[in-house]
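Structure, as structure tokens:
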Amino acid sequence: MKRFGQFVLLFLGFMILAYALPVIFPKEESNTPALTEEKTDVTVSHTSFPYGELNATGFAQYIDQPTEEFTKVYGEPIEIQQTALGYDWWILGENQHDYLQVAVKNNKIASIFALGDELLNDPFEVGMDLSDISEITTIYPNFDFDKKEVNYRIELSEEDMNYRPLVAFDNGSFAILHLTQETGKLIGVRYLNKSTLLRLMPYQLNEGELTDKVVDEETDWQLVNSDSQRQLQSILTILRQRGKYEPYDYPKDLTEATQKALTRFMNDPGKILSKERLVEWQAHENRYEFNQPFRLTTEEFTKVLEADGVNAKDLHGILYTPSYDVPFLMMTWYSEALSQSQFTHKKDREVGIAFYRDAVLFVFSERPLDTVNTTTKDPESSSVVESVEESTPAQSGEGN
């Protein structure tokens with residue numbers, strides 16, 4: 001019993017010392033600062049989905065800013081081209097190293113498309129792959145933000161995250177990173193404000209209504225279509241050079257035949273489409289879907305050409321809508337396996353391009369058109385072209 005009492009006294013004494021010493025002799029704080037890892041991707045808690053926001057450097061810092069600050073650094077545009085989306089395209093640069101487009105509305109920058117591989121796309125650079133991008137920022141599947149007191153929620157599919165992930169910046173702007181299906185490399189970056197993102201809306205929109213009008217009702221379509229055609233040729237030439245492919249020729253006769261075929265289809269799509277497909281087409285025309293485009297099946301594409309007396313043998317191509325934004329159109333094609341394959345045929349030498357309001361028709365040919373039999377044939381007996389598989393229906397979804 002005596003030993004037990006001694007044990008209790010010793011235990012109590014130890015406990016008193018253990019708790020009292022830190023109070024009597026507090027530990028001095030170290031003057032050495034703690035080592036912290038520098039990060040550019042700051043996670044911000046939003047209404048529903050937390051996602052990272054990068055510091056707005058490089059082109060991102062110019063979004064929603066007056067054009068004067070931008071031109072001080074990059075100079076005046078070589079040309080100004082019109083669109084149907086309420087902004088003008090300022091064209092800067094002429095080749096694969098310096099090509100740049102700036103969307104200007106009310107003297108402010110709404111969007112920047114950086115394609116040149118020598119541009120300072122801080123923090124992104126042409127040629128990066130997804131692992132390089134992941135070292136800069138996490139690839140997030142969900143985004144939500146407010147605009148004019150309306151909350152918008154965006155969801156990216158797995159395909160989106162692999163080939164056109166969305167990145168947010170701390171000044172409220174975004175960037176779409178366009179990677180090509182062929183190499184998995186970054187080929188262009190599209191910086192844009194909330195309004196432009198909502199006009200294009202390439203992703204699934206889970207909340208929020210797209211109230212802005214997509215198309216300017218006073219659009220001069222003849223001028224816009226002409227500008228779009230030249231713009232598309234410039235971008236395509238750069239992408240061909242970058243991919244080590246021979247440049248295309250754009251012969252007048254093939255261009256005229258392509259324009260005639262597209263005009264005929266747009267004026268009377270019922271001659272080409274089945275009743276069910278015609279309903280889908282008409283519904284699409286009223287929604288202006290950017291995230292779910294309308295494409296023709298292989299059989300329909302063949303009919304479009306042969307309805308105008310052109311044999312579809314040895315020809316392939318794409319009829320696609322909407323086509324209001326040419327950089328987005330080309331980047332979309334290069335990020336999709338089916339569309340990307342259209343541009344990798346080594347024997348193709350000539351291309352016909354035609355725009356008609358919100359639609360574009362591409363026709364690829366291995367040889368000059370005058371060597372192709374242009375007598376009208378039964379569409380059912382014609383060769384299969386490689387536009388879209390016949391089993392592929394027109395897609396539908398949320399639209400603008």
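A note on labels: chains of the structure tokens are A, B, ... as shown, every chain counts residues from 1, and ligands are counted from 1 in their shown order.
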Query raised in the report: Could you write out, as a PyMOL selection string, all the residues of region 137-333 of chain A that DSSP marks as strand (DSSP E or B)?
Result: chain A and resi 142-147+150-155+166-169+174-179+186-192+204-207+249+294-295+315-321
Query - Every residue of region 168-349 of chain A that DSSP places in alpha helix (DSSP H), as a ChimeraX atom specification - result: /A:194-200,221-242,252-267,275-287,298-306,326-335,337-340
**Report entry** All residues 9 Å or closer to region 253-270 of chain A, only C-alpha atoms, same chain fewer than 5 positions away omitted, as a list in words
**Finding:** Lys275, Arg277, Leu278, Trp281, Val304, Leu305, Glu306, Ala307, Asp308, Val310, Leu319, Glu350, Val351, Gly352, Ile353, Ala354, Phe355, Tyr356, Ala359, Val360, Leu361, Phe362, Val363, Ser365, Pro368, Leu369 and Asp370 of chain A
Requested in this report: Quick one: everything within 8 Å of region 116-124 of chain A, counting only C-alpha atoms, minus sequence neighbours fewer than 3 positions away in the same chain. Send it as a PyMOL selection string.
Outcome: chain A and resi 57-59+95-100+127-128+133+136+188-189
Query - Selection near region 153-165 of chain A, 9 Å with only C-alpha atoms, sequence-local residues under 3 positions removed, as number ranges by chain - result: A: 48-49, 130, 139-146, 175-181, 184-186, 201-208, 331-332, 335-336
Query raised in the report: Which one of A:Leu115, A:Glu209, A:Ser226, A:Ala337 sits closest to Asn151 (chain A) if you count only C-alpha atoms?
Result: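 So, comparing all the options, the nearest one is A:Glu209.
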Query raised in the report: Near Ser173 (chain A), within 6 Å and counting only C-alpha atoms, which residues show up once chain neighbours fewer than 3 positions away are dropped, as a PyMOL selection string?
Result: chain A and resi 169+192-193
Report summary line: Using only C-alpha atoms, the shortest atom-to-atom distance to Ile112 (chain A) among A:Asp227, A:Asp358, A:Asp88, A:Glu246 belongs to A:Asp88
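Proximity ranking of A:Gly317, A:Gly75, A:Gly93, A:Gly86 relative to Ala114 (chain A) places A:Gly93 first, based on only C-alpha atoms.
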Requested in this report: Go ahead and compute the interatomic distance for CA of Gln61 (chain A) and CA of Ala168 (chain A), in Å to one decimal.
Outcome: 11.9 Å
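Straight-line separation from CA of Met330 (chain A) to CA of Phe290 (chain A): 12.8 Å.
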Query - Pick from A:Asn55, A:Thr71, A:Gln340, A:Gln81, whichever lies nearest to Arg240 (chain A) using only C-alpha atoms - result: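 Closest candidate: A:Gln340.
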